[in-house]
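Below is the file query_11.cif, which contains mmCIF, C-alpha atoms and all ligand atoms.
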```cif
data_work
loop_
_atom_site.label_atom_id
_atom_site.label_comp_id
_atom_site.auth_asym_id
_atom_site.auth_seq_id
_atom_site.Cartn_x
_atom_site.Cartn_y
_atom_site.Cartn_z
CA MET A 145 16.27 -9.29 -35.74
CA LYS A 146 12.79 -8.04 -36.56
CA LYS A 147 9.77 -7.30 -34.34
CA LEU A 148 6.78 -9.39 -35.49
CA GLU A 149 3.25 -9.95 -34.14
CA GLN A 150 2.19 -9.39 -30.53
CA LEU A 151 2.05 -12.68 -28.60
CA TYR A 152 0.79 -11.48 -25.23
CA GLU A 153 -0.15 -8.38 -23.28
CA GLY A 154 0.37 -8.43 -19.52
CA LYS A 155 -0.36 -5.74 -16.94
CA ALA A 156 2.99 -3.98 -17.34
CA LYS A 157 4.53 -5.40 -20.53
CA LYS A 158 3.73 -6.59 -24.04
CA VAL A 159 5.58 -9.47 -25.67
CA TYR A 160 6.19 -9.74 -29.41
CA ALA A 161 7.52 -12.53 -31.61
CA THR A 162 10.70 -11.94 -33.61
CA ASP A 163 12.10 -13.64 -36.70
CA ASP A 164 14.30 -15.70 -34.37
CA PRO A 165 12.19 -18.51 -32.82
CA ASN A 166 14.36 -18.46 -29.68
CA VAL A 167 13.99 -14.72 -29.03
CA VAL A 168 11.03 -12.49 -28.11
CA LEU A 169 10.77 -8.74 -27.69
CA VAL A 170 9.49 -7.23 -24.43
CA ASP A 171 7.88 -3.77 -24.53
CA TYR A 172 7.49 -2.04 -21.13
CA LYS A 173 4.34 0.04 -20.55
CA ASP A 174 3.65 2.91 -18.14
CA ASP A 175 0.49 1.12 -16.91
CA ALA A 176 0.48 0.33 -13.20
CA THR A 177 -1.87 -1.96 -11.31
CA ALA A 178 -2.12 -3.05 -7.71
CA GLY A 179 -4.17 -5.61 -5.84
CA ASP A 180 -4.47 -7.88 -8.89
CA GLY A 181 -5.63 -5.10 -11.15
CA ALA A 182 -8.20 -3.70 -8.66
CA LYS A 183 -6.33 -0.37 -8.75
CA LYS A 184 -5.27 0.88 -12.16
CA GLY A 185 -3.20 3.88 -13.12
CA THR A 186 -0.23 5.23 -14.99
CA ILE A 187 3.23 6.06 -13.73
CA ARG A 188 4.66 8.34 -16.40
CA GLY A 189 8.07 7.16 -17.60
CA LYS A 190 7.86 3.87 -15.68
CA GLY A 191 8.29 1.72 -18.80
CA VAL A 192 11.60 3.38 -19.64
CA VAL A 193 12.88 3.15 -16.06
CA ASN A 194 11.87 -0.51 -15.64
CA ASN A 195 13.31 -1.51 -19.01
CA LYS A 196 16.68 0.14 -18.42
CA VAL A 197 16.98 -0.71 -14.72
CA THR A 198 16.05 -4.35 -15.37
CA ASN A 199 18.57 -4.63 -18.18
CA SER A 200 21.40 -3.09 -16.22
CA LEU A 201 20.70 -5.40 -13.24
CA MET A 202 20.35 -8.48 -15.48
CA ARG A 203 23.71 -7.71 -17.16
CA MET A 204 25.34 -7.24 -13.75
CA LEU A 205 23.89 -10.54 -12.43
CA GLU A 206 24.90 -12.41 -15.58
CA GLU A 207 28.49 -11.21 -15.05
CA LYS A 208 28.34 -12.59 -11.51
CA GLY A 209 27.25 -16.04 -12.66
CA ILE A 210 23.42 -15.94 -12.67
CA PRO A 211 22.07 -17.07 -16.06
CA THR A 212 19.36 -14.68 -17.33
CA HIS A 213 17.07 -14.31 -20.33
CA TYR A 214 18.64 -10.96 -21.33
CA VAL A 215 19.80 -10.59 -24.94
CA GLU A 216 19.88 -6.92 -26.04
CA GLU A 217 18.25 -3.57 -25.28
CA ILE A 218 16.95 -2.09 -28.51
CA SER A 219 15.16 1.08 -27.41
CA ASP A 220 14.08 2.98 -24.29
CA ARG A 221 11.21 0.56 -23.73
CA GLU A 222 12.11 -2.50 -25.80
CA THR A 223 14.45 -5.42 -25.15
CA TYR A 224 15.17 -8.73 -26.85
CA VAL A 225 15.11 -11.63 -24.41
CA LYS A 226 15.47 -15.39 -24.78
CA LYS A 227 12.15 -17.11 -25.26
CA VAL A 228 11.30 -19.12 -22.14
CA GLU A 229 8.44 -21.06 -20.67
CA ILE A 230 7.79 -19.19 -17.43
CA VAL A 231 7.78 -21.37 -14.30
CA PRO A 232 4.43 -20.34 -12.73
CA LEU A 233 5.97 -19.35 -9.40
CA GLU A 234 6.61 -15.90 -7.97
CA VAL A 235 9.77 -16.29 -5.93
CA ILE A 236 9.87 -13.71 -3.15
CA ILE A 237 12.92 -13.02 -1.02
CA ARG A 238 12.68 -10.82 2.06
CA ASN A 239 15.39 -9.22 4.19
CA VAL A 240 13.16 -6.85 6.15
CA ALA A 241 9.48 -7.23 7.07
CA ALA A 242 7.12 -5.27 4.81
CA GLY A 243 3.93 -5.66 2.79
CA SER A 244 2.03 -8.93 3.03
CA PHE A 245 4.61 -10.40 5.43
CA THR A 246 3.81 -7.77 8.08
CA LYS A 247 0.05 -8.35 7.69
CA ARG A 248 0.21 -12.15 7.69
CA LEU A 249 2.65 -12.53 10.57
CA GLY A 250 2.01 -9.41 12.63
CA VAL A 251 5.61 -8.22 12.41
CA PRO A 252 6.06 -4.42 12.27
CA GLU A 253 7.25 -3.03 8.94
CA GLY A 254 10.99 -2.43 9.03
CA THR A 255 11.83 -5.33 11.34
CA VAL A 256 15.14 -6.81 10.17
CA LEU A 257 14.66 -10.57 9.73
CA LYS A 258 17.12 -12.92 11.44
CA CYS A 259 17.89 -14.42 8.03
CA PRO A 260 16.57 -13.85 4.50
CA THR A 261 13.34 -15.74 3.72
CA LEU A 262 12.08 -17.28 0.51
CA GLU A 263 8.46 -17.83 -0.35
CA PHE A 264 6.62 -19.07 -3.42
CA SER A 265 3.34 -17.79 -4.79
CA TYR A 266 1.47 -19.71 -7.45
CA LYS A 267 1.26 -17.38 -10.47
CA ASN A 268 -2.47 -17.50 -11.10
CA ASP A 269 -4.46 -14.26 -11.35
CA ASP A 270 -7.86 -15.99 -10.85
CA LEU A 271 -6.64 -17.32 -7.50
CA HIS A 272 -4.81 -14.03 -6.66
CA ASP A 273 -1.32 -15.61 -6.67
CA PRO A 274 -1.74 -17.66 -3.47
CA LEU A 275 1.18 -18.36 -1.17
CA ILE A 276 2.22 -22.02 -1.49
CA ASN A 277 5.07 -24.18 -0.21
CA HIS A 278 7.41 -26.27 -2.32
CA TYR A 279 5.40 -29.47 -1.71
CA HIS A 280 2.40 -27.73 -3.30
CA ALA A 281 4.55 -26.72 -6.26
CA LEU A 282 5.67 -30.35 -6.69
CA ALA A 283 2.15 -31.74 -6.17
CA LEU A 284 0.69 -29.37 -8.77
CA GLY A 285 3.52 -30.16 -11.20
CA LEU A 286 4.58 -26.49 -11.38
CA ALA A 287 8.28 -27.41 -11.15
CA THR A 288 10.47 -30.40 -10.36
CA GLN A 289 12.49 -30.76 -7.14
CA GLU A 290 15.66 -30.18 -9.14
CA GLU A 291 14.21 -26.96 -10.61
CA ILE A 292 13.05 -25.77 -7.19
CA ASP A 293 16.55 -26.36 -5.79
CA ILE A 294 18.17 -24.40 -8.64
CA ILE A 295 15.61 -21.58 -8.42
CA SER A 296 16.02 -21.24 -4.63
CA ASP A 297 19.81 -21.26 -4.93
CA TYR A 298 19.75 -18.55 -7.64
CA ALA A 299 17.21 -16.47 -5.70
CA PHE A 300 19.37 -16.33 -2.53
CA LYS A 301 22.47 -15.59 -4.64
CA VAL A 302 20.63 -12.77 -6.42
CA ASN A 303 19.71 -11.39 -2.99
CA GLU A 304 23.33 -11.28 -1.86
CA ILE A 305 24.64 -9.80 -5.10
CA LEU A 306 21.83 -7.27 -5.47
CA SER A 307 21.81 -6.12 -1.82
CA GLN A 308 25.53 -5.43 -2.01
CA TYR A 309 25.29 -3.78 -5.42
CA LEU A 310 22.44 -1.45 -4.42
CA ALA A 311 24.14 -0.42 -1.18
CA GLN A 312 26.68 1.60 -3.18
CA PHE A 313 23.75 3.70 -4.48
CA ASN A 314 22.45 4.16 -0.92
CA ILE A 315 19.51 1.83 -1.63
CA ARG A 316 18.41 -0.80 0.87
CA LEU A 317 16.90 -3.95 -0.66
CA ILE A 318 13.92 -4.81 1.57
CA ASP A 319 12.35 -7.58 -0.52
CA PHE A 320 11.76 -8.52 -4.15
CA LYS A 321 10.02 -10.93 -6.49
CA LEU A 322 11.74 -12.98 -9.17
CA GLU A 323 10.43 -15.17 -11.96
CA PHE A 324 12.34 -17.92 -13.72
CA GLY A 325 11.91 -19.56 -17.13
CA ARG A 326 12.93 -22.70 -18.95
CA LEU A 327 14.85 -22.45 -22.22
CA ALA A 328 13.97 -24.96 -24.95
CA ASP A 329 16.54 -27.40 -23.52
CA GLY A 330 15.11 -27.06 -20.00
CA THR A 331 17.86 -24.80 -18.61
CA ILE A 332 16.53 -22.52 -15.85
CA VAL A 333 17.26 -18.81 -16.33
CA LEU A 334 16.22 -15.66 -14.47
CA ALA A 335 13.42 -13.96 -16.45
CA ASP A 336 10.81 -11.17 -16.18
CA GLU A 337 12.01 -7.91 -14.58
CA ILE A 338 13.88 -6.50 -11.58
CA SER A 339 12.57 -2.99 -11.06
CA PRO A 340 10.81 -0.66 -8.62
CA ASP A 341 7.61 -2.55 -9.63
CA THR A 342 8.97 -5.85 -8.30
CA CYS A 343 11.30 -4.82 -5.48
CA ARG A 344 11.01 -2.73 -2.33
CA PHE A 345 13.81 -0.20 -2.42
CA TRP A 346 14.24 2.11 0.60
CA ASP A 347 16.65 5.01 0.73
CA ALA A 348 19.34 3.70 3.08
CA THR A 349 19.57 7.01 4.96
CA THR A 350 16.00 8.30 5.18
CA GLY A 351 14.02 5.08 4.67
CA ALA A 352 12.01 6.82 1.92
CA HIS A 353 10.21 4.44 -0.43
CA LEU A 354 11.72 4.36 -3.92
CA ASP A 355 9.29 1.82 -5.38
CA LYS A 356 5.73 0.92 -6.31
CA ASP A 357 4.50 1.01 -2.70
CA LEU A 358 4.04 4.77 -3.28
CA PHE A 359 1.41 3.88 -5.89
CA ARG A 360 -0.02 0.82 -4.07
CA ARG A 361 -0.59 2.86 -0.90
CA ASP A 362 -1.58 6.17 -2.58
CA LEU A 363 1.39 7.94 -1.00
CA GLY A 364 2.23 9.88 -4.19
CA GLY A 365 5.59 10.82 -5.68
CA GLU A 366 6.00 7.55 -7.59
CA GLU A 367 7.13 9.20 -10.84
CA ASP A 368 9.95 11.01 -9.06
CA ALA A 369 10.90 7.90 -7.07
CA TYR A 370 11.24 5.79 -10.24
CA LYS A 371 13.32 8.56 -11.83
CA GLU A 372 15.49 8.69 -8.71
CA VAL A 373 16.24 4.94 -8.93
CA PHE A 374 17.10 5.42 -12.60
CA ARG A 375 19.37 8.36 -11.80
CA ARG A 376 21.22 6.51 -9.02
CA LEU A 377 21.74 3.27 -10.98
CA LEU A 378 22.31 4.66 -14.44
CA GLY A 379 23.62 8.13 -13.64
CA GLU A 380 21.38 9.97 -16.11
P1 LIG B 1 4.26 -8.50 -0.79
O1 LIG B 1 4.83 -8.01 0.50
O2 LIG B 1 3.06 -7.73 -1.24
O3 LIG B 1 4.01 -9.99 -0.76
O4 LIG B 1 5.37 -8.26 -1.92
C1 LIG B 1 6.66 -8.83 -1.82
C2 LIG B 1 7.53 -8.33 -2.96
O5 LIG B 1 7.06 -8.81 -4.20
C3 LIG B 1 7.58 -6.81 -3.10
O6 LIG B 1 8.92 -6.44 -3.37
C4 LIG B 1 6.72 -6.50 -4.29
C5 LIG B 1 6.77 -7.75 -5.11
N1 LIG B 1 5.52 -8.06 -5.78
C6 LIG B 1 5.48 -8.19 -7.15
O7 LIG B 1 6.49 -8.02 -7.82
N2 LIG B 1 4.29 -8.51 -7.74
C7 LIG B 1 3.14 -8.71 -7.03
O8 LIG B 1 2.11 -9.00 -7.62
C8 LIG B 1 3.21 -8.59 -5.61
C9 LIG B 1 1.98 -8.79 -4.78
C10 LIG B 1 4.41 -8.26 -5.03
N1 LIG B 2 0.96 -7.50 -9.56
C1 LIG B 2 -0.01 -6.74 -8.78
C2 LIG B 2 -1.21 -6.41 -9.66
O1 LIG B 2 -1.19 -6.66 -10.80
C3 LIG B 2 0.54 -5.43 -8.38
C4 LIG B 2 1.54 -5.38 -7.25
O2 LIG B 2 1.15 -5.28 -6.09
O3 LIG B 2 2.71 -5.33 -7.59
O4 LIG B 2 -2.19 -5.84 -9.25
#
```
Will you turn the file into structure tokens for me?
Amino acid sequence: MKKLEQLYEGKAKKVYATDDPNVVLVDYKDDATAGDGAKKGTIRGKGVVNNKVTNSLMRMLEEKGIPTHYVEEISDRETYVKKVEIVPLEVIIRNVAAGSFTKRLGVPEGTVLKCPTLEFSYKNDDLHDPLINHYHALALGLATQEEIDIISDYAFKVNEILSQYLAQFNIRLIDFKLEFGRLADGTIVLADEISPDTCRFWDATTGAHLDKDLFRRDLGGEEDAYKEVFRRLLGE
């Protein structure tokens, strides 16, 4: 396969066409944003960590029965993935209260939830990705009921598999965001990334943040935290 013209540049990744119409190339950047781009910066080495961590988690999930867009890692920052139409929903699963959940509902950070929760945000930067429910998603035509059922089922399964998987590396999965896509035939697959940018990872012993909250909250140490996740998961 060959890398062709750039199709799209997002906040953390660039997407290129390839000579296969069903495959695109994703190129992970070190650029970091928070608050819808209000805060901008760089986390050195982030692109490499997010590319390799995402790919290793996607391969693991695929083996456990979750269909993903993953095709092949081709360099430290570049990966071939199946071309999808992204369903414009951010699917957020939470096990422990943190971030916007604590602010919206007045629950102290770190509170273990009685059961995992799922929420949808409408992927729309102009509107700042507003929280919506599944009736809104249906009413706006963002997804069908059947797609929402499949997506919710996959998201909870990913939570179980990933929580268990990360525990062996002494990482606690607090919450995370997934995105799904439709293949040309309409099949729903897990897409985008699963990385310290899109998950809250806490050290299971100390509770230390091993994720983008260090950058979002100006706590510092984000480069080392990303490297630490890489080291634990990929042993390098
Ligand atoms: P939140 O608590 O800010 O709503 O974030 C929930 C999870 O979603 C957290 O693991 C970080 C992730 N996330 C993204 O991946 N992208 C985003 O734009 C936001 C706001 C959160
Ligand atoms: N996606 C958000 C932004 O682009 C960052 C985040 O909080 O993860 O600003």
Could I get the residue neighbourhood of ligand LIG 1 (chain B) at 6 Å, counting only C-alpha atoms and all ligand atoms, as a list of chain:residue names?
A:Ile236, A:Ala242, A:Gly243, A:Ser244, A:Phe245, A:Asp319, A:Phe320, A:Lys321, A:Asp341, A:Thr342, A:Cys343, A:Arg344
Show me which residues line ligand LIG 2 (chain B), defined as having an atom within 9 Å of a ligand atom where only C-alpha atoms and all ligand atoms count, and present them as a CSV table (one decimal) with C-alpha atoms, in the frame of the given file.
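So the final result, stored in selection_1.csv, reads:
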```
chain,number,residue,atom,x,y,z
A,155,LYS,CA,-0.4,-5.7,-16.9
A,156,ALA,CA,3.0,-4.0,-17.3
A,176,ALA,CA,0.5,0.3,-13.2
A,177,THR,CA,-1.9,-2.0,-11.3
A,178,ALA,CA,-2.1,-3.0,-7.7
A,179,GLY,CA,-4.2,-5.6,-5.8
A,180,ASP,CA,-4.5,-7.9,-8.9
A,181,GLY,CA,-5.6,-5.1,-11.2
A,182,ALA,CA,-8.2,-3.7,-8.7
A,183,LYS,CA,-6.3,-0.4,-8.8
A,184,LYS,CA,-5.3,0.9,-12.2
A,269,ASP,CA,-4.5,-14.3,-11.4
A,272,HIS,CA,-4.8,-14.0,-6.7
A,273,ASP,CA,-1.3,-15.6,-6.7
A,341,ASP,CA,7.6,-2.6,-9.6
A,342,THR,CA,9.0,-5.8,-8.3
A,343,CYS,CA,11.3,-4.8,-5.5
A,356,LYS,CA,5.7,0.9,-6.3
A,357,ASP,CA,4.5,1.0,-2.7
A,360,ARG,CA,0.0,0.8,-4.1
```
Of the candidates A:Ile305, A:Leu233, A:Ala335, A:Ala241, which one gets nearest to His280 in chain A if we count all atoms listed in the file?
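Checking each of A:Ile305, A:Leu233, A:Ala335, A:Ala241 against His280 in chain A, counting all atoms listed in the file, the winner is A:Leu233.
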Step by step: start from the point (13.0, -7.0, 1.9) in the file's coordinates, keep every protein, DNA or RNA residue that has an atom no farther than 6 Å from it, count all atoms listed in the file, and write the set as a list in words.
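Counting all atoms listed in the file, I find these residues within 6 Å of (13.0, -7.0, 1.9): Arg238, Asn239, Val240, Leu317, Ile318 and Asp319 of chain A.
Considering all atoms listed in the file, the residue among A:Glu217, A:Asp175, A:Glu372, A:Asp329 positioned nearest to Met202 in chain A is A:Glu217.
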Edge lengths and centre in Å to one decimal, as JSON, of the axis-aligned box that encloses all listed atoms of range 283-294 of chain A with 3 Å added on every side?
```
{"center_x": 9.4, "center_y": -28.1, "center_z": -8.6, "size_x": 23.5, "size_y": 13.3, "size_z": 11.6}
```
Taking into account all atoms listed in the file, which residue in the set A:Lys157, A:Arg248, A:His353, A:Arg361 is nearest to Thr223 in chain A?
A:Lys157
For Glu290 in chain A, which residue out of A:Ile332, A:Ile230, A:Met145, A:Val235 is the nearest one, using all atoms listed in the file?
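Using all atoms listed in the file, the shortest distance to Glu290 in chain A belongs to A:Ile332.
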Using all atoms listed in the file, which residues sit within 12 Å of Ala369 in chain A once same-chain residues fewer than 5 positions away are excluded, as a list in words?
Ile187, Arg188, Gly189, Lys190, Val193, Ile315, Ser339, Pro340, Asp341, Arg344, Phe345, Trp346, Asp347, Ala352, His353, Leu354, Asp355, Lys356, Asp357, Leu358, Phe359, Leu363, Gly364, Phe374, Arg375 and Arg376 of chain A
Go ahead and write the residues just picked, C-alpha atoms, as a short mmCIF file (atom, residue, chain, number, x, y, z; two decimals), in the coordinates of the input.
```
data_model
loop_
_atom_site.label_atom_id
_atom_site.label_comp_id
_atom_site.auth_asym_id
_atom_site.auth_seq_id
_atom_site.Cartn_x
_atom_site.Cartn_y
_atom_site.Cartn_z
CA ILE A 187 3.23 6.06 -13.73
CA ARG A 188 4.66 8.34 -16.40
CA GLY A 189 8.07 7.16 -17.60
CA LYS A 190 7.86 3.87 -15.68
CA VAL A 193 12.88 3.15 -16.06
CA ILE A 315 19.51 1.83 -1.63
CA SER A 339 12.57 -2.99 -11.06
CA PRO A 340 10.81 -0.66 -8.62
CA ASP A 341 7.61 -2.55 -9.63
CA ARG A 344 11.01 -2.73 -2.33
CA PHE A 345 13.81 -0.20 -2.42
CA TRP A 346 14.24 2.11 0.60
CA ASP A 347 16.65 5.01 0.73
CA ALA A 352 12.01 6.82 1.92
CA HIS A 353 10.21 4.44 -0.43
CA LEU A 354 11.72 4.36 -3.92
CA ASP A 355 9.29 1.82 -5.38
CA LYS A 356 5.73 0.92 -6.31
CA ASP A 357 4.50 1.01 -2.70
CA LEU A 358 4.04 4.77 -3.28
CA PHE A 359 1.41 3.88 -5.89
CA LEU A 363 1.39 7.94 -1.00
CA GLY A 364 2.23 9.88 -4.19
CA PHE A 374 17.10 5.42 -12.60
CA ARG A 375 19.37 8.36 -11.80
CA ARG A 376 21.22 6.51 -9.02
#
```
Give me the residues within 10 Å of Phe324 in chain A as a PDB file with C-alpha atoms, in the frame of the given file, counting only C-alpha atoms and dropping any in the same chain fewer than 4 places off.
```pdb
ATOM      1  CA  THR A 212      19.360 -14.680 -17.330  1.00  0.00           C
ATOM      2  CA  HIS A 213      17.070 -14.310 -20.330  1.00  0.00           C
ATOM      3  CA  VAL A 228      11.300 -19.120 -22.140  1.00  0.00           C
ATOM      4  CA  GLU A 229       8.440 -21.060 -20.670  1.00  0.00           C
ATOM      5  CA  ILE A 230       7.790 -19.190 -17.430  1.00  0.00           C
ATOM      6  CA  VAL A 231       7.780 -21.370 -14.300  1.00  0.00           C
ATOM      7  CA  PRO A 232       4.430 -20.340 -12.730  1.00  0.00           C
ATOM      8  CA  LEU A 233       5.970 -19.350  -9.400  1.00  0.00           C
ATOM      9  CA  GLU A 234       6.610 -15.900  -7.970  1.00  0.00           C
ATOM     10  CA  VAL A 235       9.770 -16.290  -5.930  1.00  0.00           C
ATOM     11  CA  GLU A 291      14.210 -26.960 -10.610  1.00  0.00           C
ATOM     12  CA  ILE A 295      15.610 -21.580  -8.420  1.00  0.00           C
ATOM     13  CA  TYR A 298      19.750 -18.550  -7.640  1.00  0.00           C
ATOM     14  CA  ALA A 299      17.210 -16.470  -5.700  1.00  0.00           C
ATOM     15  CA  ILE A 332      16.530 -22.520 -15.850  1.00  0.00           C
ATOM     16  CA  VAL A 333      17.260 -18.810 -16.330  1.00  0.00           C
ATOM     17  CA  LEU A 334      16.220 -15.660 -14.470  1.00  0.00           C
ATOM     18  CA  ALA A 335      13.420 -13.960 -16.450  1.00  0.00           C
ATOM     19  CA  ASP A 336      10.810 -11.170 -16.180  1.00  0.00           C
TER      20      ASP A 336
END
```
Just checking: using all atoms listed in the file, which residue out of A:Cys259, A:Ile276, A:Leu169, A:Leu306 ends up closest to Arg203 in chain A?
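Among the listed residues, A:Leu306 lies closest to Arg203 in chain A.
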Once you count only C-alpha atoms, which residues end up no further than 7 Å from (14.1, -13.2, -23.1) in the file's frame, shown as a ChimeraX atom specification?
/A:167-168,213-215,224-228,335
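The spacing separating CA of Ile338 in chain A from CA of Thr198 in chain A amounts to 4.9 Å.
We find CA of Asp174 in chain A and CA of Glu153 in chain A to be spaced 13.0 Å apart.
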To one decimal place, how far is CA of Pro165 in chain A from CA of Leu151 in chain A in Å?
12.4 Å
Considering all atoms listed in the file, can you say which of A:Asn314, A:Ser265, A:Thr246, A:Ser200 comes closest to His278 in chain A?
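The closest residue to His278 in chain A is A:Ser265.
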Name all residues at most 9 Å from Asp220 in chain A (count all atoms listed in the file; drop same-chain ones fewer than 6 positions away) and give them as a VMD selection string.
chain A and resid 172 191 to 193 195 to 196
Just the residues within 9 Å of Val302 in chain A, please, counting only C-alpha atoms, with nothing from its chain fewer than 5 positions along; format it as a ChimeraX atom specification.
/A:205,210,297,307
